[in-house]
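Dropping entry.tsv in here (TSV, C-alpha atoms):
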```tsv
chain	number	residue	atom	x	y	z
X	1365	ASP	CA	6.28	-16.34	32.33
X	1366	ILE	CA	4.36	-14.09	34.68
X	1367	ILE	CA	6.03	-11.25	36.54
X	1368	ILE	CA	4.25	-10.20	39.73
X	1369	THR	CA	4.85	-6.73	41.11
X	1370	LEU	CA	3.43	-5.12	44.24
X	1371	PHE	CA	2.44	-1.52	43.46
X	1372	SER	CA	0.36	0.90	45.53
X	1373	ASN	CA	-0.78	-1.88	47.90
X	1374	LYS	CA	-2.34	-3.84	45.03
X	1375	LEU	CA	-1.08	-6.87	43.28
X	1376	PHE	CA	-0.30	-6.14	39.65
X	1377	VAL	CA	0.70	-8.75	37.19
X	1378	MET	CA	2.44	-8.31	33.86
X	1379	LEU	CA	1.54	-11.16	31.57
X	1380	LEU	CA	4.34	-11.63	29.08
X	1381	LEU	CA	3.03	-14.61	27.13
X	1382	LEU	CA	-0.40	-16.23	26.80
X	1383	LEU	CA	-0.59	-19.54	24.94
X	1384	CYS	CA	-3.94	-20.52	23.50
X	1385	LEU	CA	-4.15	-24.31	23.65
X	1386	ILE	CA	-7.46	-24.57	21.79
X	1387	LYS	CA	-7.39	-26.59	18.59
X	1388	ASN	CA	-6.91	-24.21	15.66
X	1389	GLY	CA	-6.34	-21.43	18.19
X	1390	GLU	CA	-3.74	-18.70	17.96
X	1391	GLN	CA	-0.87	-17.78	20.20
X	1392	THR	CA	-1.13	-14.18	21.32
X	1393	LEU	CA	1.46	-11.99	22.96
X	1394	ILE	CA	-0.02	-9.40	25.28
X	1395	ASN	CA	1.76	-6.84	27.36
X	1396	GLY	CA	0.68	-4.52	30.11
X	1397	HIS	CA	-0.29	-4.33	33.73
X	1398	TYR	CA	-3.53	-5.41	35.31
X	1399	ALA	CA	-4.91	-5.74	38.81
X	1400	TYR	CA	-5.32	-9.34	39.86
X	1401	TYR	CA	-8.78	-9.96	41.36
X	1402	HIS	CA	-9.08	-13.07	43.50
X	1403	TYR	CA	-11.51	-14.93	45.73
X	1404	MET	CA	-12.49	-13.30	49.01
X	1405	GLN	CA	-11.11	-9.93	47.95
X	1406	ASP	CA	-12.77	-6.79	49.31
X	1407	ASN	CA	-14.43	-8.79	52.11
X	1408	PHE	CA	-16.75	-10.44	49.55
X	1409	ASP	CA	-17.25	-14.19	49.94
X	1410	ASP	CA	-17.24	-15.59	46.42
X	1411	ASN	CA	-15.26	-18.70	47.27
X	1412	MET	CA	-16.12	-21.67	45.01
X	1413	TRP	CA	-18.25	-19.65	42.55
X	1414	GLY	CA	-16.67	-16.31	41.73
X	1415	CYS	CA	-13.94	-17.28	39.26
X	1416	ALA	CA	-15.70	-15.97	36.14
X	1417	TYR	CA	-16.54	-12.69	37.89
X	1418	ARG	CA	-12.95	-12.26	39.11
X	1419	SER	CA	-11.55	-13.11	35.67
X	1420	LEU	CA	-13.79	-10.48	34.08
X	1421	GLN	CA	-12.75	-7.93	36.71
X	1422	THR	CA	-9.10	-8.70	36.00
X	1423	ILE	CA	-9.62	-8.25	32.25
X	1424	CYS	CA	-11.47	-4.96	32.82
X	1425	SER	CA	-8.58	-3.69	34.95
X	1426	TRP	CA	-6.19	-4.35	32.06
X	1427	PHE	CA	-8.25	-2.04	29.82
X	1428	ILE	CA	-8.21	0.66	32.52
X	1429	LEU	CA	-4.46	0.42	33.15
X	1430	GLN	CA	-3.71	0.58	29.41
X	1431	GLY	CA	-5.74	3.80	29.19
X	1432	TYR	CA	-8.51	2.37	26.99
X	1433	THR	CA	-11.26	3.34	29.45
X	1434	THR	CA	-11.81	5.24	32.68
X	1435	LYS	CA	-14.88	3.24	33.70
X	1436	PRO	CA	-14.36	1.46	37.02
X	1437	VAL	CA	-14.04	-2.30	37.30
X	1438	PRO	CA	-17.58	-3.68	37.67
X	1439	THR	CA	-18.71	-5.22	40.94
X	1440	HIS	CA	-20.31	-8.65	41.22
X	1441	ALA	CA	-23.73	-6.98	41.50
X	1442	GLN	CA	-23.15	-4.91	38.36
X	1443	ILE	CA	-22.03	-7.97	36.39
X	1444	GLN	CA	-25.07	-9.92	37.59
X	1445	GLN	CA	-27.39	-7.07	36.59
X	1446	VAL	CA	-25.99	-7.02	33.04
X	1447	ILE	CA	-26.56	-10.77	32.78
X	1448	ILE	CA	-30.14	-10.41	34.04
X	1449	ASP	CA	-30.84	-7.50	31.69
X	1450	LYS	CA	-29.46	-9.41	28.68
X	1451	LEU	CA	-31.52	-12.51	29.48
X	1452	LYS	CA	-34.80	-10.59	29.47
X	1453	ILE	CA	-36.86	-11.29	26.37
```
Structure translated into structure tokens:
Amino acid sequence: DIIITLFSNKLFVMLLLLLCLIKNGEQTLINGHYAYYHYMQDNFDDNMWGCAYRSLQTICSWFILQGYTTKPVPTHAQIQQVIIDKLKI
């Protein structure tokens, strides 16, 4: 089940149960709030290609909201730069 709560004009989601359906995978219970990042958010047109970026931003927000880091959620440009930097030989 997913509980969706509107808080401070942002959509926050509490994920109560995540089932891993991969063969030999594990079921993991996670708890906490995170900001849900979605297509076309922040006036940025990433429709049809931005799902991995938005998923990473959502995961990063979970770490922030749990108090594990104070670094801001990376932008698309910052994520792309890390990928470019890591691909350099």
* In Å, rounded to a single decimal, give me how far atom CA of X:Lys1450 is from atom CA of X:Met1404. =>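 For atom CA of X:Met1404 relative to atom CA of X:Lys1450, the distance reads 26.8 Å.
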* Asked: Residues at most 12 Å from stretch 1438-1443 of chain X, counting only C-alpha atoms, excluding those fewer than 4 positions away in the same chain, as a count of residues only?
  -> 27
* Straight-line distance linking atom CA of X:Gly1431 with atom CA of X:Gln1445, stated in Å to one decimal ->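 The value is 25.3 Å.
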